[in-house]
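I have placed the structure first, in the form of structure tokens, so that the comments after it can refer back to it.
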Amino acid sequence: MIAFLGQGRMGVPMARRLEQAGHKVTTWRRGSGVSAAEAVDGAELVITMLSDPAAVREVLSAALPGLRPGATVVEMSTIGPEAVRELRALLPAEVGLVDAPVLGSVGPATDGTLTVLAGGLAGGLAGGDAAGCREVLSVFGTVRELGPLGAGAAMKIAVMSALVPAQVLLAETFAYGEAHGVDRGALIDVLSGTPLGTLAERLRVPSAETRYSLAHAAKDLELGAWEGSSMATAARARLQEARAAGLGERDLTAIAEHAGGGPAHRAVPLNLSTIPATNGFYSHAVRVGDMLYVSGQAAFDEQGNLVGEGSMTAQAEHVFQVISRILADQGATFDDIAFMRTYLTDMDKRVEYGQVRRKYITGTPPASTTVEVSKLFMPGLLLEVDVIVALPS
């Protein structure tokens, strides 16, 4: 049996490919009512396709009680080699791990024509069935075996560190041309006869369908822009500006519409699809330049139901996981928090809260205020946390 822990545009067609190939598949997604541990119970192969490293760590941590000895986790998200090594440390020794991110978007995921970049196939399987794992991965497309654990994740970041900045460069080329009276269509026609022709054609008319979101492209460069990588770092900054301007859920080709506009300095509301929606009276966060203001986060799920009734530990875990996803979406971590304010309905439970907080705030703590209040906006809530974040430049 295969357990598929996925979400978003890629998860659905990939899980469907497995079912069409005759595999018995148990699927998990946020808000489904099935826990990650229940979804992986009894599975020989557990596939993850999630948004970012924080989401992968969260979901696999929740799945740990259900992972059986001898199972293998195949991590297919784009999270980078460092995060893959962290997962190896998180998982029990008797559970195998393979990293296998993919090249391609929704169309190839549906057609089974992705390129699978696999690391750790030779030695990462707990049960030793490398041939069986290859057969499963081949359902998604062409499998390229690249070496030890982490090799696939590193290859994916390396490839995106070339492809994404190239599209940002073309967008800025269009902006230069427009500023100097060059017809964009004529410019693309000329570029079409050069090695950049394929990408230039892709940006001719930005895609109305989101195949590879601008937010995911920014996240990929945030993982891959190493010190000294001047072009990837500059492209990352441009994408972060476009994301803050509200283009995050658009296809990456929408950068062609933004490149001539310069940085956004207005307040930009941010509401992620990976966390419970608001009630419409507030936004989860607002970005202003390089500062992020995160609204008070509390323990309720996608249906608006209380999470962890009566348990400070459970509610605090939920709150910090939500904050981690908001931070990750903007390329930040808990180390970037400048100020944290916590509201507790019972100050006697501050020790339980502090134990959870220290799992996430591991370095020098930010400026903080903790206050006791008589009640919060939903009956049963024990805490609410808001933060102010200095975003990475």
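By order in the structure tokens, chains are A, B, ...; within a chain, residues start at 1; ligands start at 1, following the order shown.
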**Item:** DSSP-assigned alpha helix (DSSP H) among region 69-265 of chain A, expressed as number ranges by chain
**Value:** A: 80-90, 106-111, 130-137, 151-179, 184-191, 197-202, 214-224, 230-242, 255-258
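Those residues that approach Pro148 (chain A) to within 9 Å, counting only C-alpha atoms, are Val98, Ala118, Gly119, Gly120, Leu121, Ala122, Gly123 and Gly124 of chain A; same-chain residues fewer than 5 positions away are not listed.
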Give me a file of those residues, with N, CA, C and O atoms, as an mmCIF file, in the first residue's frame.
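Dumped to out.cif:
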data_model
loop_
_atom_site.group_PDB
_atom_site.id
_atom_site.type_symbol
_atom_site.label_atom_id
_atom_site.label_comp_id
_atom_site.auth_asym_id
_atom_site.auth_seq_id
_atom_site.Cartn_x
_atom_site.Cartn_y
_atom_site.Cartn_z
ATOM 1 N N VAL A 98 14.102 8.346 0.746
ATOM 2 C CA VAL A 98 14.581 8.657 -0.597
ATOM 3 C C VAL A 98 14.115 10.069 -0.919
ATOM 4 O O VAL A 98 12.977 10.437 -0.606
ATOM 5 N N ALA A 118 16.111 11.508 -8.418
ATOM 6 C CA ALA A 118 16.124 10.618 -7.253
ATOM 7 C C ALA A 118 17.495 10.557 -6.598
ATOM 8 O O ALA A 118 18.517 10.357 -7.263
ATOM 9 N N GLY A 119 17.495 10.699 -5.274
ATOM 10 C CA GLY A 119 18.693 10.505 -4.483
ATOM 11 C C GLY A 119 18.442 9.456 -3.419
ATOM 12 O O GLY A 119 17.350 9.371 -2.861
ATOM 13 N N GLY A 120 19.433 8.625 -3.147
ATOM 14 C CA GLY A 120 19.316 7.643 -2.076
ATOM 15 C C GLY A 120 18.639 6.345 -2.463
ATOM 16 O O GLY A 120 18.386 5.517 -1.589
ATOM 17 N N LEU A 121 18.370 6.142 -3.749
ATOM 18 C CA LEU A 121 17.703 4.896 -4.133
ATOM 19 C C LEU A 121 18.577 3.676 -3.862
ATOM 20 O O LEU A 121 18.070 2.606 -3.540
ATOM 21 N N ALA A 122 19.877 3.839 -3.986
ATOM 22 C CA ALA A 122 20.758 2.681 -3.825
ATOM 23 C C ALA A 122 20.833 2.196 -2.387
ATOM 24 O O ALA A 122 20.960 1.007 -2.133
ATOM 25 N N GLY A 123 20.728 3.136 -1.413
ATOM 26 C CA GLY A 123 20.900 2.698 -0.036
ATOM 27 C C GLY A 123 19.900 3.237 0.945
ATOM 28 O O GLY A 123 20.038 3.021 2.143
ATOM 29 N N GLY A 124 18.868 3.958 0.448
ATOM 30 C CA GLY A 124 17.955 4.619 1.367
ATOM 31 C C GLY A 124 16.703 3.851 1.702
ATOM 32 O O GLY A 124 15.893 4.305 2.507
#
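Using only C-alpha atoms, the shortest contact distance between Glu19 (chain A) and any of A:Ala151, A:Leu292, A:Val139, A:Ala37 is found at A:Val139.
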**Request:** Step one, run DSSP on the backbone; step two, keep only residues of region 134-236 of chain A assigned to strand (DSSP E or B); then write them as number ranges by chain.
**Result:** A: 141-145, 213
If we count only C-alpha atoms and set the cut-off at 8 Å, which residues sit around Ile2 (chain A), ignoring sequence neighbours fewer than 4 positions away in its own chain? Please answer as a PDB file with N, CA and C atoms, in the first residue's frame.
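Saved file selection.pdb follows:
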ATOM      1  N   HIS A  23      -2.095   0.821  -8.157  1.00  0.00           N
ATOM      2  CA  HIS A  23      -1.637   0.788  -6.774  1.00  0.00           C
ATOM      3  C   HIS A  23      -2.781   1.144  -5.826  1.00  0.00           C
ATOM      4  N   LYS A  24      -2.784   0.510  -4.667  1.00  0.00           N
ATOM      5  CA  LYS A  24      -3.714   0.874  -3.610  1.00  0.00           C
ATOM      6  C   LYS A  24      -3.145   2.095  -2.891  1.00  0.00           C
ATOM      7  N   VAL A  25      -3.880   3.195  -2.913  1.00  0.00           N
ATOM      8  CA  VAL A  25      -3.353   4.468  -2.428  1.00  0.00           C
ATOM      9  C   VAL A  25      -4.275   5.045  -1.352  1.00  0.00           C
ATOM     10  N   THR A  26      -3.674   5.423  -0.233  1.00  0.00           N
ATOM     11  CA  THR A  26      -4.370   6.196   0.790  1.00  0.00           C
ATOM     12  C   THR A  26      -3.853   7.621   0.709  1.00  0.00           C
ATOM     13  N   VAL A  40      -0.816   6.874   6.981  1.00  0.00           N
ATOM     14  CA  VAL A  40       0.365   6.067   6.669  1.00  0.00           C
ATOM     15  C   VAL A  40       0.336   4.699   7.330  1.00  0.00           C
ATOM     16  N   ALA A  43       1.329   1.388   5.469  1.00  0.00           N
ATOM     17  CA  ALA A  43       1.862   1.659   4.140  1.00  0.00           C
ATOM     18  C   ALA A  43       3.321   1.219   4.033  1.00  0.00           C
ATOM     19  N   GLU A  44       3.667   0.633   2.897  1.00  0.00           N
ATOM     20  CA  GLU A  44       5.048   0.260   2.631  1.00  0.00           C
ATOM     21  C   GLU A  44       5.834   1.448   2.087  1.00  0.00           C
ATOM     22  N   LEU A  45       5.136   2.308   1.344  1.00  0.00           N
ATOM     23  CA  LEU A  45       5.751   3.473   0.746  1.00  0.00           C
ATOM     24  C   LEU A  45       4.923   4.700   1.126  1.00  0.00           C
ATOM     25  N   VAL A  46       5.586   5.740   1.619  1.00  0.00           N
ATOM     26  CA  VAL A  46       4.920   6.985   1.997  1.00  0.00           C
ATOM     27  C   VAL A  46       5.508   8.102   1.150  1.00  0.00           C
ATOM     28  N   ILE A  47       4.689   8.726   0.313  1.00  0.00           N
ATOM     29  CA  ILE A  47       5.149   9.784  -0.583  1.00  0.00           C
ATOM     30  C   ILE A  47       4.660  11.125  -0.056  1.00  0.00           C
TER      31      ILE A  47
END
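Using only C-alpha atoms for every distance, the candidate list A:Gly11, A:Gly304, A:Gly80, A:Gly96 yields A:Gly80 as the residue closest to Leu223 (chain A).
Here CA of Asp251 (chain A) is placed at a distance of 14.9 Å from CA of Met160 (chain A).
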